[in-house]
$ cat input-v9.txt   # compact mmCIF, C-alpha atoms
# COMPACT_ATOMS: atom_id res chain seq x y z
CA MET A 1117 -18.80 7.30 -1.37
CA ASN A 1118 -21.24 5.64 1.01
CA ASN A 1119 -19.86 7.87 3.68
CA GLU A 1120 -20.71 6.56 7.13
CA ILE A 1121 -19.84 2.90 7.40
CA THR A 1122 -18.72 -0.01 5.25
CA THR A 1123 -17.45 -3.46 6.07
CA ASP A 1124 -13.82 -2.38 5.91
CA PHE A 1125 -13.75 1.18 7.26
CA LYS A 1126 -15.80 3.81 9.05
CA LEU A 1127 -15.69 7.57 8.52
CA LEU A 1128 -15.20 9.31 11.87
CA LYS A 1129 -14.66 12.91 10.78
CA LYS A 1130 -14.88 14.91 7.58
CA VAL A 1131 -14.46 18.67 7.22
CA LYS A 1132 -14.24 20.36 3.84
CA ASP A 1133 -13.48 23.99 3.07
CA PRO A 1134 -16.24 25.51 0.91
CA ASN A 1135 -13.54 26.89 -1.42
CA PHE A 1136 -12.24 23.42 -2.28
CA ASP A 1137 -11.91 23.20 -6.06
CA ILE A 1138 -11.26 19.86 -7.73
CA ASP A 1139 -9.87 21.72 -10.74
CA GLN A 1140 -7.04 23.06 -8.57
CA LEU A 1141 -5.51 19.70 -7.59
CA ASP A 1142 -2.27 20.64 -9.31
CA HIS A 1143 -1.83 23.25 -6.53
CA TYR A 1144 -2.81 20.91 -3.68
CA GLN A 1145 -0.74 18.60 -1.47
CA LEU A 1146 -2.33 15.32 -0.42
CA SER A 1147 -1.16 13.81 2.88
CA VAL A 1148 -2.24 10.30 3.86
CA MET A 1149 -1.34 8.91 7.29
CA ILE A 1150 -1.77 5.19 8.01
CA GLY A 1151 -1.83 3.64 11.48
CA VAL A 1152 -2.67 0.34 13.10
CA ARG A 1153 -6.41 0.75 12.62
CA ASP A 1154 -6.75 4.29 11.37
CA LEU A 1155 -6.19 6.43 8.32
CA GLN A 1156 -6.29 10.20 8.08
CA LEU A 1157 -6.02 12.33 4.98
CA MET A 1158 -5.55 16.04 4.44
CA VAL A 1159 -5.52 18.30 1.40
CA VAL A 1160 -3.66 21.62 1.61
CA ASP A 1161 -3.50 24.41 -0.95
CA THR A 1162 0.25 24.96 -1.25
CA ARG A 1163 -0.22 28.55 -2.43
CA ASN A 1164 -1.50 29.78 0.93
CA ALA A 1165 -1.05 26.79 3.30
CA ARG A 1166 -4.82 26.56 3.66
CA VAL A 1167 -6.34 23.22 4.66
CA MET A 1168 -9.05 22.33 2.15
CA LEU A 1169 -10.09 18.88 3.39
CA LEU A 1170 -9.53 16.67 6.43
CA GLU A 1171 -10.91 13.15 6.87
CA ASP A 1172 -10.41 10.54 9.59
CA TYR A 1173 -11.24 6.82 9.24
CA LEU A 1174 -11.28 3.81 11.50
CA LEU A 1175 -10.18 0.64 9.70
CA LYS A 1176 -11.52 -2.83 10.35
CA GLU A 1177 -9.27 -4.76 12.72
CA SER A 1178 -6.63 -6.82 10.91
CA THR A 1179 -3.85 -9.21 11.86
CA THR A 1180 -1.65 -8.78 8.77
CA ASP A 1181 -0.48 -5.92 6.57
CA GLU A 1182 -2.03 -7.71 3.61
CA ASP A 1183 -5.47 -7.47 5.23
CA LYS A 1184 -4.96 -3.83 6.20
CA LEU A 1185 -3.85 -2.98 2.68
CA HIS A 1186 -7.05 -4.58 1.40
CA PHE A 1187 -9.11 -2.28 3.64
CA VAL A 1188 -7.14 0.77 2.56
CA SER A 1189 -7.42 -0.12 -1.11
CA GLN A 1190 -11.18 -0.53 -0.68
CA LEU A 1191 -11.35 2.95 0.87
CA TYR A 1192 -9.36 4.29 -2.07
CA TYR A 1193 -11.66 2.56 -4.54
CA GLU A 1194 -14.81 4.04 -3.00
CA HIS A 1195 -13.36 7.52 -2.41
CA HIS A 1196 -14.26 10.29 -4.87
CA LEU A 1197 -10.86 11.96 -4.73
CA LEU A 1198 -7.98 9.73 -3.64
CA LEU A 1199 -7.42 8.06 -7.00
CA ALA A 1200 -6.92 11.39 -8.77
CA GLY A 1201 -3.45 11.70 -10.24
CA PHE A 1202 -2.86 15.42 -10.65
CA TRP A 1203 -1.70 16.45 -7.19
CA LYS A 1204 1.18 18.88 -6.84
CA LYS A 1205 2.60 16.69 -4.08
CA ILE A 1206 1.67 13.43 -2.35
CA LYS A 1207 3.01 12.53 1.07
CA ILE A 1208 2.39 9.12 2.66
CA ILE A 1209 3.10 8.90 6.40
CA PHE A 1210 3.31 5.62 8.31
CA LYS A 1211 2.74 5.18 12.02
CA GLY A 1212 4.35 2.38 14.00
CA LYS A 1213 7.45 1.38 15.91
CA LYS A 1214 9.81 0.48 13.06
CA PHE A 1215 11.97 3.60 13.13
CA SER A 1216 15.28 4.80 14.56
CA LEU A 1217 16.67 8.33 14.97
CA ILE A 1218 20.37 8.42 14.04
CA PRO A 1219 22.75 11.38 14.51
CA GLU A 1220 24.05 12.17 11.05
CA PRO A 1221 27.76 11.71 11.96
CA LEU A 1222 26.93 8.11 12.94
CA TYR A 1223 24.88 7.33 9.84
CA ASP A 1224 26.25 4.73 7.47
CA GLU A 1225 24.18 3.96 4.37
CA GLU A 1226 25.74 0.50 3.98
CA ASN A 1227 24.82 -0.43 7.55
CA LYS A 1228 21.41 1.23 7.71
CA ALA A 1229 19.65 -2.07 8.48
CA ALA A 1230 21.80 -2.59 11.56
CA LEU A 1231 21.15 1.00 12.65
CA LEU A 1232 17.40 0.63 12.22
CA TYR A 1233 17.17 -2.67 14.05
CA ILE A 1234 18.77 -1.20 17.15
CA ASN A 1235 15.22 -0.08 17.96
CA ALA A 1236 13.01 -2.18 15.68
CA LYS A 1237 12.52 -5.84 14.91
CA PRO A 1238 13.06 -6.86 11.28
CA SER A 1239 9.91 -7.37 9.25
CA ILE A 1240 9.08 -10.89 8.12
CA LEU A 1241 7.74 -9.48 4.84
CA PRO A 1242 9.85 -8.03 2.02
CA HIS A 1243 10.44 -4.41 3.02
CA SER A 1244 12.43 -1.29 2.27
CA ILE A 1245 14.35 0.92 4.67
CA LEU A 1246 13.62 4.57 3.95
CA ASN A 1247 14.86 7.74 5.58
CA THR A 1248 13.91 11.31 6.31
CA ARG A 1249 16.70 13.83 6.81
CA HIS A 1250 16.25 16.42 9.54
CA ASN A 1251 18.99 18.83 8.49
CA GLU A 1252 18.25 21.34 11.26
CA GLN A 1253 18.68 18.57 13.82
CA ASN A 1254 21.70 16.99 12.13
CA MET A 1255 19.77 13.72 12.28
CA ILE A 1256 18.36 11.02 10.02
CA ASN A 1257 15.16 9.10 10.74
CA LEU A 1258 15.34 5.54 9.43
CA PHE A 1259 12.08 3.64 9.09
CA SER A 1260 10.93 0.38 7.58
CA VAL A 1261 7.93 0.00 5.24
CA ASP A 1262 6.69 -3.34 3.97
CA GLN A 1263 7.13 -3.50 0.22
CA ILE A 1264 3.45 -4.19 -0.45
CA TRP A 1265 2.64 -0.62 0.65
CA LEU A 1266 5.29 0.95 -1.56
CA ASP A 1267 4.17 -1.13 -4.52
CA TYR A 1268 0.53 -0.17 -3.96
CA PHE A 1269 1.11 3.58 -3.80
CA GLU A 1270 3.57 3.60 -6.69
CA LYS A 1271 1.01 1.71 -8.78
CA THR A 1272 -1.81 4.00 -7.64
CA TYR A 1273 0.12 7.16 -8.50
CA PRO A 1274 2.25 6.25 -11.56
CA GLY A 1275 4.58 8.96 -12.72
CA THR A 1276 4.09 10.95 -9.52
CA LYS A 1277 6.95 11.61 -7.15
CA LEU A 1278 5.86 10.29 -3.76
CA GLU A 1279 7.33 11.32 -0.45
CA PHE A 1280 7.25 8.62 2.24
CA SER A 1281 7.70 9.62 5.86
CA HIS A 1282 7.11 8.43 9.41
CA GLN A 1283 4.82 9.87 12.08
CA SER A 1284 7.80 10.58 14.31
CA SER A 1285 9.30 12.89 11.70
CA VAL A 1286 6.21 15.05 11.27
CA LEU A 1287 5.72 15.29 15.04
CA ILE A 1288 9.34 16.38 15.50
CA TYR A 1289 9.01 18.91 12.68
CA GLY A 1290 5.89 20.40 14.22
CA ALA A 1291 7.20 20.41 17.79
CA VAL A 1292 10.47 22.15 16.89
CA ARG A 1293 8.58 24.96 15.16
CA MET A 1294 6.05 25.31 17.96
CA ILE A 1295 8.32 25.30 21.02
CA THR A 1296 10.63 28.25 21.63
CA GLY A 1297 12.78 29.18 24.60
CA GLY A 1298 16.05 28.18 26.17
CA SER A 1299 14.86 25.56 28.65
CA ASN A 1300 13.71 22.02 28.03
CA ALA A 1301 10.04 22.04 27.01
CA MET A 1302 7.90 18.92 26.80
CA MET A 1303 5.12 17.99 24.40
CA LEU A 1304 2.84 14.96 24.81
CA TYR A 1305 0.89 13.53 21.90
CA ILE A 1306 -1.76 10.97 22.83
CA ASP A 1307 -2.54 8.81 19.82
CA ARG A 1308 -5.16 6.08 19.65
CA PHE A 1309 -2.70 3.33 20.46
CA SER A 1310 0.39 5.09 21.79
CA MET A 1311 1.90 8.14 23.47
CA HIS A 1312 4.64 10.30 21.96
CA VAL A 1313 6.93 12.43 24.12
CA VAL A 1314 8.96 15.24 22.56
CA VAL A 1315 11.40 17.52 24.38
CA VAL A 1316 12.79 20.59 22.59
CA LYS A 1317 15.26 23.24 23.71
CA SER A 1318 16.19 26.34 21.71
CA GLY A 1319 14.90 24.82 18.47
CA LYS A 1320 16.83 21.58 18.95
CA LEU A 1321 15.39 18.17 19.63
CA GLN A 1322 16.54 16.87 23.01
CA PHE A 1323 14.35 13.76 23.27
CA TYR A 1324 11.74 11.84 21.29
CA ASN A 1325 10.17 8.46 21.85
CA ARG A 1326 6.98 6.62 21.05
CA PHE A 1327 5.55 4.47 23.83
CA GLU A 1328 3.03 1.73 23.20
CA ILE A 1329 0.37 1.85 25.90
CA LYS A 1330 -1.08 -1.41 27.19
CA LYS A 1331 -2.30 -0.26 30.61
CA PHE A 1332 -3.73 3.11 31.54
CA ASP A 1333 -1.17 3.82 34.27
CA GLU A 1334 1.63 3.57 31.70
CA TYR A 1335 0.81 7.08 30.47
CA VAL A 1336 1.95 8.51 33.80
CA LYS A 1337 4.84 6.07 34.16
CA TYR A 1338 6.43 7.01 30.85
CA PHE A 1339 6.12 10.79 30.89
CA ARG A 1340 7.37 10.96 34.49
CA MET A 1341 10.34 8.82 33.48
CA VAL A 1342 11.18 11.22 30.65
CA ALA A 1343 10.68 14.30 32.81
CA LYS A 1344 13.10 12.90 35.39
CA GLU A 1345 15.70 12.03 32.75
CA MET A 1346 15.45 15.48 31.13
CA ASN A 1347 15.27 17.43 34.43
CA ILE A 1348 11.81 18.84 33.74
CA ASP A 1349 9.95 20.13 36.79
CA LEU A 1350 6.35 18.94 36.28
CA LYS A 1351 5.13 21.29 39.03
CA HIS A 1352 6.21 24.42 37.19
CA GLU A 1353 7.24 23.77 33.58
CA LYS A 1354 4.58 24.13 30.90
CA VAL A 1355 3.67 20.88 29.15
CA ARG A 1356 1.74 20.99 25.87
CA LEU A 1357 -0.81 18.27 25.29
CA PHE A 1358 -2.13 17.07 21.92
CA GLY A 1359 -4.22 14.21 20.65
CA PHE A 1360 -7.57 12.47 20.84
CA LEU A 1361 -8.71 13.63 24.27
CA GLY A 1362 -10.50 16.52 25.97
CA ARG A 1363 -10.78 18.21 29.36
CA ASN A 1364 -13.33 15.71 30.62
CA THR A 1365 -11.53 12.56 29.52
CA PRO A 1366 -9.81 10.16 31.93
CA HIS A 1367 -6.46 10.77 30.20
CA TYR A 1368 -6.52 14.51 30.85
CA ASN A 1369 -7.73 14.18 34.44
CA GLU A 1370 -5.00 11.66 35.26
CA LEU A 1371 -2.22 13.67 33.59
CA LYS A 1372 -3.36 16.84 35.36
CA LYS A 1373 -2.69 15.19 38.74
CA TYR A 1374 1.03 15.11 37.95
CA ILE A 1375 1.48 18.06 35.58
CA HIS A 1376 0.34 21.27 37.23
CA ASN A 1377 1.05 23.48 34.21
CA LEU A 1378 -0.66 21.27 31.60
CA HIS A 1379 -2.12 23.05 28.58
CA PHE A 1380 -3.68 21.90 25.33
CA GLY A 1381 -1.46 22.82 22.42
CA ASN A 1382 -2.30 24.83 19.31
CA ARG A 1383 -2.22 24.07 15.63
CA PRO A 1384 0.95 24.80 13.65
CA SER A 1385 1.13 28.56 13.21
CA TYR A 1386 1.94 28.34 9.50
CA ILE A 1387 -1.27 26.43 8.71
CA ASN A 1388 -4.44 28.30 7.71
CA MET A 1389 -7.84 26.78 8.46
CA GLY A 1390 -11.24 28.29 7.66
CA TYR A 1391 -14.20 28.62 10.03
CA VAL A 1392 -15.59 25.21 9.07
CA PHE A 1393 -12.67 23.61 10.93
CA ASP A 1394 -13.71 25.25 14.21
CA GLU A 1395 -15.46 21.99 15.10
CA ILE A 1396 -12.02 20.37 15.38
CA SER A 1397 -10.20 21.21 18.60
CA GLU A 1398 -6.88 23.05 18.26
CA HIS A 1399 -4.94 20.18 19.85
CA GLN A 1400 -6.22 17.48 17.50
CA TYR A 1401 -4.51 16.14 14.35
CA PHE A 1402 -1.22 17.86 15.15
CA ASP A 1403 0.79 15.14 13.36
CA LEU A 1404 -1.34 15.29 10.22
CA LEU A 1405 -1.26 19.10 10.13
CA SER A 1406 2.52 19.06 10.61
CA SER A 1407 2.89 16.85 7.54
CA PHE A 1408 2.55 20.03 5.49
CA GLN A 1409 5.91 21.75 5.80
CA ALA A 1410 5.80 25.42 4.93
$ encode --input "input-v9.txt" --output "structure tokens"
Amino acid sequence: MNNEITTDFKLLKKVKDPNFDIDQLDHYQLSVMIGVRDLQLMVVDTRNARVMLLEDYLLKESTTDEDKLHFVSQLYYEHHLLLAGFWKKIKIIFKGKKFSLIPEPLYDEENKAALLYINAKPSILPHSILNTRHNEQNMINLFSVDQIWLDYFEKTYPGTKLEFSHQSSVLIYGAVRMITGGSNAMMLYIDRFSMHVVVVKSGKLQFYNRFEIKKFDEYVKYFRMVAKEMNIDLKHEKVRLFGFLGRNTPHYNELKKYIHNLHFGNRPSYINMGYVFDEISEHQYFDLLSSFQA
């Protein structure tokens, strides 16, 4: 692939384990995560939970899902690996605000559209309502995916069982396994176009929400609102920070003013990554890494 820039997408990051073996795809899981203007992919050897490949792309700006799908399909066409059909498992994760977390006792399959649209506006395109069950949390995550995406991936990987999920589900999965202890503990994930706040206590999800950020001061507004609601003392309680930022970024400096015990988080403990991935900070790509569930 012409690897740096094309009309439709730009490669931002690529790290490949030297032990990657294309003849071992039947042992590898492929995870693809699609956002507003970004796409990340990861390949993990399921035999030892070792990350073999991680790539991050910026997509050309689009106003419709049809345009974005065109950019993604062009990336697929030019990629040396994505069109292979012999993966052990393929997981497609969608970002976005069309999701709703439902306690399992309240879930009703016949009324799932009404449950989803408590928190999300109906799509104007033909779409499907999918779900991810979080058995440990006694909860179901409903999310909507426009049918053009499902049709594309099912056509691209015929005969392969695909798992579709939502970014919120993989973040919750990762946070629950990372945070231990009997008091409410907060995690912040700063994405390129949003902020996610997760609160966990004793292995149980207490709070999750995704906030779209339009103004810089909304970062502080939203996490302080959650901390107040969940009785988290920002002067003393440890808050774990993940995402596309560093110690010298405006985001970190502003958050540090209000969170005295702010620390960058670590990668999922069950994931193995070789020395070549040392160039990626521990607190980056937490959602993508958590898409592999040991």
$ atom_distance --input "input-v9.txt" --atom1 "CA of Leu1304 (chain A)" --atom2 "CA of Thr1162 (chain A)"
28.0 Å
$ residues_around --input "input-v9.txt" --residues "Met1302 (chain A)" --least-positions-apart "3" --cutoff "7 Å" --atoms "only C-alpha atoms" --output "mmCIF file with C-alpha atoms, keeping the file's coordinate frame"
data_model
loop_
_atom_site.group_PDB
_atom_site.id
_atom_site.type_symbol
_atom_site.label_atom_id
_atom_site.label_comp_id
_atom_site.auth_asym_id
_atom_site.auth_seq_id
_atom_site.Cartn_x
_atom_site.Cartn_y
_atom_site.Cartn_z
ATOM 1 C CA VAL A 1314 8.960 15.240 22.560
ATOM 2 C CA VAL A 1315 11.400 17.520 24.380
ATOM 3 C CA VAL A 1316 12.790 20.590 22.590
ATOM 4 C CA VAL A 1355 3.670 20.880 29.150
ATOM 5 C CA ARG A 1356 1.740 20.990 25.870
#
$ residues_around --input "input-v9.txt" --residues "Asp1333 (chain A)" --least-positions-apart "6" --cutoff "10 Å" --atoms "all atoms listed in the file" --output "list in words"
His1367, Glu1370 and Leu1371 of chain A
$ write_last_selection --input "input-v9.txt" --atoms "C-alpha atoms" --output "PDB file, in the coordinates of the input"
ATOM      1  CA  HIS A1367      -6.460  10.770  30.200  1.00  0.00           C
ATOM      2  CA  GLU A1370      -5.000  11.660  35.260  1.00  0.00           C
ATOM      3  CA  LEU A1371      -2.220  13.670  33.590  1.00  0.00           C
TER       4      LEU A1371
END
$ residues_around --input "input-v9.txt" --residues "region 1216-1219 of chain A" --least-positions-apart "3" --cutoff "10 Å" --atoms "all atoms listed in the file" --output "list in words"
Lys1213, Leu1222, Tyr1223, Asp1224, Lys1228, Leu1231, Leu1232, Tyr1233, Ile1234, Asn1235, Ala1236, Asn1247, Thr1248, Arg1249, His1250, Gln1253, Asn1254, Met1255, Ile1256, Asn1257, Leu1258, Phe1259, Ser1260, Ser1284, Ser1285, Tyr1324 and Asn1325 of chain A
$ closest_atom_pairs --input "input-v9.txt" --of "region 1290-1405 of chain A" --to "region 1128-1136 of chain A" --cutoff "8 Å" --atoms "only C-alpha atoms" --output "tab-separated table"
residue	atom	partner	partner_atom	distance
A:Gly1390	CA	A:Asp1133	CA	6.7
A:Val1392	CA	A:Asp1133	CA	6.5
A:Phe1393	CA	A:Val1131	CA	6.4
$ atom_distance --input "input-v9.txt" --atom1 "CA of Asp1172 (chain A)" --atom2 "CA of Val1286 (chain A)"
17.3 Å
$ closest_residue --input "input-v9.txt" --among "A:Asn1388, A:Gln1156, A:Gln1140, A:Ser1189" --to "Tyr1401 (chain A)" --atoms "all atoms listed in the file"
A:Gln1156
$ build_atoms --input "input-v9.txt" --residues "region 1218-1243 of chain A" --atoms "N, CA and C atoms" --output "compact mmCIF listing (two decimals), in the coordinates of the input"
# COMPACT_ATOMS: atom_id res chain seq x y z
N ILE A 1218 18.92 8.59 14.07
CA ILE A 1218 20.37 8.42 14.04
C ILE A 1218 21.05 9.78 13.86
N PRO A 1219 21.95 10.16 14.77
CA PRO A 1219 22.75 11.38 14.51
C PRO A 1219 23.50 11.24 13.19
N GLU A 1220 23.48 12.29 12.40
CA GLU A 1220 24.05 12.17 11.05
C GLU A 1220 25.51 11.74 11.05
N PRO A 1221 26.37 12.18 11.98
CA PRO A 1221 27.76 11.71 11.96
C PRO A 1221 27.90 10.19 12.14
N LEU A 1222 26.87 9.55 12.72
CA LEU A 1222 26.93 8.11 12.94
C LEU A 1222 26.25 7.31 11.83
N TYR A 1223 25.64 8.03 10.89
CA TYR A 1223 24.88 7.33 9.84
C TYR A 1223 25.81 6.70 8.82
N ASP A 1224 25.49 5.48 8.47
CA ASP A 1224 26.25 4.73 7.47
C ASP A 1224 25.25 4.03 6.55
N GLU A 1225 25.17 4.48 5.31
CA GLU A 1225 24.18 3.96 4.37
C GLU A 1225 24.32 2.44 4.21
N GLU A 1226 25.54 1.94 4.19
CA GLU A 1226 25.74 0.50 3.98
C GLU A 1226 25.29 -0.33 5.17
N ASN A 1227 25.22 0.29 6.33
CA ASN A 1227 24.82 -0.43 7.55
C ASN A 1227 23.50 0.09 8.11
N LYS A 1228 22.64 0.63 7.22
CA LYS A 1228 21.41 1.23 7.71
C LYS A 1228 20.47 0.20 8.34
N ALA A 1229 20.50 -1.04 7.88
CA ALA A 1229 19.65 -2.07 8.48
C ALA A 1229 20.04 -2.30 9.94
N ALA A 1230 21.33 -2.38 10.20
CA ALA A 1230 21.80 -2.59 11.56
C ALA A 1230 21.43 -1.41 12.45
N LEU A 1231 21.51 -0.19 11.89
CA LEU A 1231 21.15 1.00 12.65
C LEU A 1231 19.66 1.02 12.97
N LEU A 1232 18.85 0.65 11.99
CA LEU A 1232 17.40 0.63 12.22
C LEU A 1232 17.02 -0.39 13.26
N TYR A 1233 17.61 -1.57 13.19
CA TYR A 1233 17.17 -2.67 14.05
C TYR A 1233 17.77 -2.61 15.46
N ILE A 1234 18.45 -1.49 15.75
CA ILE A 1234 18.77 -1.20 17.15
C ILE A 1234 17.47 -1.03 17.93
N ASN A 1235 16.48 -0.41 17.29
CA ASN A 1235 15.22 -0.08 17.96
C ASN A 1235 14.01 -0.81 17.39
N ALA A 1236 14.17 -1.57 16.34
CA ALA A 1236 13.01 -2.18 15.68
C ALA A 1236 13.33 -3.60 15.25
N LYS A 1237 12.35 -4.47 15.37
CA LYS A 1237 12.52 -5.84 14.91
C LYS A 1237 12.38 -5.90 13.40
N PRO A 1238 13.19 -6.72 12.74
CA PRO A 1238 13.06 -6.86 11.28
C PRO A 1238 11.68 -7.38 10.88
N SER A 1239 11.18 -6.90 9.76
CA SER A 1239 9.91 -7.37 9.25
C SER A 1239 10.07 -8.75 8.62
N ILE A 1240 9.04 -9.58 8.75
CA ILE A 1240 9.08 -10.89 8.12
C ILE A 1240 8.69 -10.81 6.65
N LEU A 1241 8.10 -9.68 6.23
CA LEU A 1241 7.74 -9.48 4.84
C LEU A 1241 8.86 -8.74 4.11
N PRO A 1242 8.92 -8.86 2.77
CA PRO A 1242 9.85 -8.03 2.02
C PRO A 1242 9.59 -6.56 2.33
N HIS A 1243 10.63 -5.79 2.58
CA HIS A 1243 10.44 -4.41 3.02
C HIS A 1243 11.60 -3.56 2.52
